[in-house]
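Beneath this line is the structure, given in structure tokens, with notes to follow.
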Amino acid sequence: APAAPAAPVLTASGDSSLVITWQAPADDGGSVITGYELALSDGTVVRVGASTLRYVWSGLTPGGYSATLKAVNAVGESAGVDGAGQLVVVEPPRQYGQLTLSPDLTGNGLGDIVALTTAGTAHVHSVNTNGTIVATKTLATDLTGHSVYGAGDWNGNGKADILTVSASGALYLRAGLGAGKVAAPVQIGRGWSGYQLVPSGDLDGDKVADLLAIDSAGVLWLYAGNGQGAFKPGRTQVGKGWTSFTAFAAADLNKDGKNDLLGVGASGVLYAYLGKGNGQFQAAVQVGKGWSGFSLAAGADLTGDGLADIVGRNNTTGVTYLYRGKGGGAFQAASLLALNW
């Protein structure tokens with residue numbers, strides 16, 4: 001059998017391909033080399049002719065890759081030689097400034113991730129039941145200076161909508177059209193500067209989506225929706241002491257049919273506030289810690305098991321994780337969702 005060739009060299013080409021190059025072995029073992037066998041780390045085995053000393057491995061998703069090379073002749077095959085190290089193909093940064101979750105915007109029956117770039121383009125990412133992103137669509141391109149929220153069905157047409165707030169505090173509804181599309185914006189409010197908005201689905205049991213908001217004094221208010229794209233008159237105080245907290249719509253964390261709330265304190269501790277179904281919440285229960293330096297997105301069941309999930313992004317590295325709900329406001333261990341978000 002031939003001697004082993006030199007270790008193959010893996011080099012990135014663009015953002016989704018690796019070029020693998022190698023040299024013929026110094027000793028053919030007394031029989032001419034007839035080809036080479038490449039065993040790729042995704043399980044693929046590729047056989048090429050003796051004159052080929054280069055292979056392009058394309059269509060890759062972000063991650064680490066390796067290859068094992070063997071020389072082949074009429075007598076047999078050489079020992080396998082691994083590529084020098086493991087090379088990572090890096091997804092181009094999307095530079096998302098904000099992540100949020102929404103009930104189904106695309107029509108696949110699962111919640112979606114809405115991600116807003118610093119340039120004002122909102123993408124909707126669909127996740128399958130395995131927790132893998134399977135499709136990405138552009139939702140809007142004119143959201144510079146806006147914050148975006150997954151509002152649920154705000155206008156009663158049976159499709160999930162989004163709300164956005166401009167830098168001046170104007171509140172807009174973009175009615176969902178299904179298939180990852182939304183209608184042109186309609187202004188439904190103003191004066192929201194200085195508030196932390198938390199569109200939270202139905203909180204008071206009337207089957208109409210509602211809005212929570214935290215004012216500068218840390219008071220938590222409920223603004224009940226009217227099911228027609230606007231609010232019922234007045235507001236109701238449902239909490240206080242939220243000055244040092246960031247609140248997130250949580251959807252239904254414990255399968256009791258009531259929407260819940262999550263809050264992250266200044267120290268990075270994550271709390272669940274289970275909904276009572278009348279606009280009020282139970283006492284806080286700690287369900288996590290270590291969230292300082294992370295962006296959290298919540299408010300939808302992404303994987304179809306009936307439990308709300310959350311997404312967390314490391315703001316330093318951009319690595320983004322899925323945390324599947326497991327009931328009672330708790331979550332499973334993180335699984336990788338995306339790089340460089």
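Naming works like this for the structure tokens: A, B, ... for the chains as they're shown, residue 1 at the start of each chain, ligands 1 onward in shown order.
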List the neighbours of range 25-29 of chain A out to 9 Å using only C-alpha atoms; skip same-chain residues closer than 2 positions along the sequence, and give me the result as a list in words. Ala1, Pro2, Ala3, Ala4, Pro5, Ala6, Gln23, Ser31, Val32, Ile33, Ala71, Val72, Asn73 and Val75 of chain A
Each residue of range 88-186 of chain A lying at most 12 Å from range 214-225 of chain A should get a row with its shortest atom-to-atom pair and the distance in Å to one decimal, counting only C-alpha atoms; could you produce that, ordered by chain and increasing number, as a tab-separated table?
```
residue	atom	partner	partner_atom	distance
A:Ala151	CA	A:Gly225	CA	10.7
A:Gly152	CA	A:Gly225	CA	11.2
A:Asp153	CA	A:Gly225	CA	10.2
A:Trp154	CA	A:Gly225	CA	7.3
A:Asn155	CA	A:Gly225	CA	8.8
A:Gly156	CA	A:Gly225	CA	10.2
```
Selected residues, C-alpha atoms, written as a tab-separated table (two decimals), in the first residue's frame, please.
```
chain	number	residue	atom	x	y	z
A	151	ALA	CA	-47.43	41.87	19.47
A	152	GLY	CA	-49.51	38.80	18.69
A	153	ASP	CA	-52.86	39.36	16.98
A	154	TRP	CA	-53.39	43.01	17.83
A	155	ASN	CA	-56.19	43.78	15.38
A	156	GLY	CA	-58.27	40.59	15.56
```
Got a sec: who's within 7 Å of Asn254 in chain A, counting only C-alpha atoms, leaving out chain neighbours fewer than 2 positions off, as JSON, numbers by chain? {"A": [252, 256, 307, 327, 328, 329]}
How about saving the chosen residues, N, CA, C and O atoms kept, as a compact mmCIF listing (two decimals), in the first residue's frame?
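Result file follows (again36.txt):
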```txt
# COMPACT_ATOMS: atom_id res chain seq x y z
N ASP A 252 -46.80 31.66 27.42
CA ASP A 252 -47.24 30.75 28.48
C ASP A 252 -46.09 29.83 28.87
O ASP A 252 -45.73 28.91 28.14
N ASP A 256 -50.56 26.71 31.57
CA ASP A 256 -51.82 26.88 32.29
C ASP A 256 -52.80 27.75 31.52
O ASP A 256 -53.86 28.11 32.03
N LEU A 307 -44.73 24.98 25.20
CA LEU A 307 -44.04 25.75 26.23
C LEU A 307 -43.25 26.88 25.60
O LEU A 307 -42.56 26.68 24.59
N GLY A 327 -41.38 24.12 31.50
CA GLY A 327 -42.50 24.20 32.41
C GLY A 327 -42.14 24.89 33.71
O GLY A 327 -41.00 24.88 34.15
N GLY A 328 -43.14 25.53 34.31
CA GLY A 328 -42.94 26.19 35.59
C GLY A 328 -42.07 27.42 35.53
O GLY A 328 -41.59 27.90 36.56
N GLY A 329 -41.83 27.93 34.33
CA GLY A 329 -40.98 29.10 34.17
C GLY A 329 -39.52 28.77 34.02
O GLY A 329 -38.68 29.67 33.86
```
I'd like the neighbourhood of range 282-293 of chain A as a list in words, where a residue qualifies if any of its atoms comes within 9 Å (using only C-alpha atoms), though same-chain residues fewer than 5 positions away should be ignored. Leu262, Gly263, Val264, Gly265, Ala266, Ser267, Gly268, Val269, Leu270, Tyr271, Ala272, Tyr273, Leu274, Gly275, Lys276, Gly312, Arg313, Asn314, Asn315, Thr316, Gly328, Gly329, Ala330 and Phe331 of chain A
For the residues in the current selection, export N, CA, C and O atoms as a short mmCIF file (atom, residue, chain, number, x, y, z; two decimals), in the first residue's frame.
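Output below, filename selection.cif:
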```
data_model
loop_
_atom_site.label_atom_id
_atom_site.label_comp_id
_atom_site.auth_asym_id
_atom_site.auth_seq_id
_atom_site.Cartn_x
_atom_site.Cartn_y
_atom_site.Cartn_z
N LEU A 262 -41.32 37.74 32.14
CA LEU A 262 -39.96 37.51 32.62
C LEU A 262 -39.32 38.85 32.93
O LEU A 262 -39.63 39.87 32.30
N GLY A 263 -38.41 38.85 33.88
CA GLY A 263 -37.68 40.07 34.21
C GLY A 263 -36.23 39.75 34.54
O GLY A 263 -35.94 38.75 35.20
N VAL A 264 -35.32 40.58 34.05
CA VAL A 264 -33.89 40.44 34.36
C VAL A 264 -33.47 41.63 35.20
O VAL A 264 -33.63 42.78 34.80
N GLY A 265 -32.92 41.35 36.39
CA GLY A 265 -32.45 42.41 37.27
C GLY A 265 -31.08 42.91 36.87
O GLY A 265 -30.41 42.35 35.99
N ALA A 266 -30.65 43.96 37.55
CA ALA A 266 -29.37 44.58 37.22
C ALA A 266 -28.20 43.63 37.41
O ALA A 266 -27.16 43.77 36.76
N SER A 267 -28.34 42.64 38.30
CA SER A 267 -27.27 41.68 38.55
C SER A 267 -27.28 40.50 37.60
O SER A 267 -26.46 39.59 37.71
N GLY A 268 -28.23 40.49 36.64
CA GLY A 268 -28.30 39.41 35.66
C GLY A 268 -29.13 38.22 36.09
O GLY A 268 -29.13 37.19 35.43
N VAL A 269 -29.87 38.34 37.21
CA VAL A 269 -30.75 37.26 37.66
C VAL A 269 -32.05 37.30 36.87
O VAL A 269 -32.64 38.38 36.67
N LEU A 270 -32.50 36.14 36.42
CA LEU A 270 -33.72 36.02 35.61
C LEU A 270 -34.87 35.51 36.49
O LEU A 270 -34.73 34.50 37.18
N TYR A 271 -35.99 36.24 36.45
CA TYR A 271 -37.16 35.89 37.24
C TYR A 271 -38.36 35.64 36.33
O TYR A 271 -38.51 36.29 35.28
N ALA A 272 -39.21 34.70 36.74
CA ALA A 272 -40.49 34.47 36.07
C ALA A 272 -41.62 34.97 36.96
O ALA A 272 -41.60 34.78 38.18
N TYR A 273 -42.59 35.63 36.32
CA TYR A 273 -43.78 36.13 36.99
C TYR A 273 -44.96 35.47 36.28
O TYR A 273 -45.34 35.89 35.18
N LEU A 274 -45.51 34.43 36.88
CA LEU A 274 -46.57 33.67 36.24
C LEU A 274 -47.87 34.46 36.29
O LEU A 274 -48.24 35.02 37.32
N GLY A 275 -48.56 34.53 35.13
CA GLY A 275 -49.78 35.30 35.04
C GLY A 275 -50.94 34.64 35.76
O GLY A 275 -51.06 33.41 35.80
N LYS A 276 -51.82 35.48 36.31
CA LYS A 276 -53.03 35.00 36.97
C LYS A 276 -54.23 34.98 36.03
O LYS A 276 -55.30 34.47 36.39
N GLY A 312 -31.18 33.83 23.79
CA GLY A 312 -30.21 34.70 24.43
C GLY A 312 -28.99 34.90 23.55
O GLY A 312 -28.47 33.94 22.99
N ARG A 313 -28.56 36.16 23.43
CA ARG A 313 -27.38 36.49 22.62
C ARG A 313 -26.28 37.05 23.52
O ARG A 313 -26.52 37.98 24.30
N ASN A 314 -25.08 36.49 23.40
CA ASN A 314 -23.92 37.06 24.07
C ASN A 314 -23.54 38.34 23.32
O ASN A 314 -23.19 38.30 22.15
N ASN A 315 -23.64 39.48 23.98
CA ASN A 315 -23.45 40.74 23.29
C ASN A 315 -21.99 41.02 22.93
O ASN A 315 -21.72 41.94 22.16
N THR A 316 -21.06 40.25 23.48
CA THR A 316 -19.66 40.40 23.12
C THR A 316 -19.30 39.59 21.89
O THR A 316 -18.68 40.08 20.95
N GLY A 328 -43.14 25.53 34.31
CA GLY A 328 -42.94 26.19 35.59
C GLY A 328 -42.07 27.42 35.53
O GLY A 328 -41.59 27.90 36.56
N GLY A 329 -41.83 27.93 34.33
CA GLY A 329 -40.98 29.10 34.17
C GLY A 329 -39.52 28.77 34.02
O GLY A 329 -38.68 29.67 33.86
N ALA A 330 -39.15 27.47 34.05
CA ALA A 330 -37.76 27.07 33.93
C ALA A 330 -37.43 26.73 32.47
O ALA A 330 -38.33 26.55 31.63
N PHE A 331 -36.12 26.61 32.19
CA PHE A 331 -35.67 26.39 30.82
C PHE A 331 -34.60 25.31 30.78
O PHE A 331 -33.86 25.11 31.74
#
```
Using only C-alpha atoms, determine which residues lie at most 8 Å from range 120-132 of chain A, disregarding the query and same-chain residues fewer than 6 positions distant; provide the list as a list of chain:residue names. A:Leu105, A:Thr106, A:Leu110, A:Gly111, A:Asp112, A:Ile113, A:Val114, A:Thr138, A:Leu139, A:Ala140, A:Thr141, A:Asp142, A:Leu143, A:Thr144, A:Gly145, A:His146, A:Gly180, A:Leu302, A:Thr303, A:Gly304, A:Asp305, A:Leu322, A:Leu337
Of the listed residues A:Ser200, A:Thr164, A:Ser13, A:Asn157, that which approaches Ala184 in chain A most closely, counting only C-alpha atoms: A:Thr164
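Distances here use only C-alpha atoms; by that measure, the residue among A:Val9, A:Val134, A:Ser16, A:Ser102 closest to Val148 in chain A is A:Ser102.
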Using only C-alpha atoms, which of the listed residues (A:Gly234, A:Gln228, A:Gly107, A:Ala12) sits closest to Leu177 in chain A? A:Gly107
Contacts of Leu53 in chain A at 9 Å (only C-alpha atoms; same-chain gap of 2+ positions) as JSON, numbers by chain: {"A": [20, 21, 22, 23, 24, 36, 48, 49, 50, 51, 55]}
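The spacing separating CA of Gly169 in chain A from CA of Asp104 in chain A amounts to 26.3 Å.
The space separating CA of Asp210 in chain A from CA of Lys159 in chain A comes to 15.1 Å.
Shortest separation to Gly227 in chain A among A:Gly176, A:Asp301, A:Ala338, A:Ala209 occurs at residue A:Ala209, atoms counted being only C-alpha atoms.
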So that I can see what lies close to Thr317 in chain A, please list as a list in words the residues with an atom at most 9 Å from it, counting only C-alpha atoms and leaving out residues fewer than 5 positions away in the same chain. Leu339, Asn340 and Trp341 of chain A
Report, in Å to a single decimal, how far apart CA of Tyr195 in chain A and CA of Ala250 in chain A are. 18.5 Å
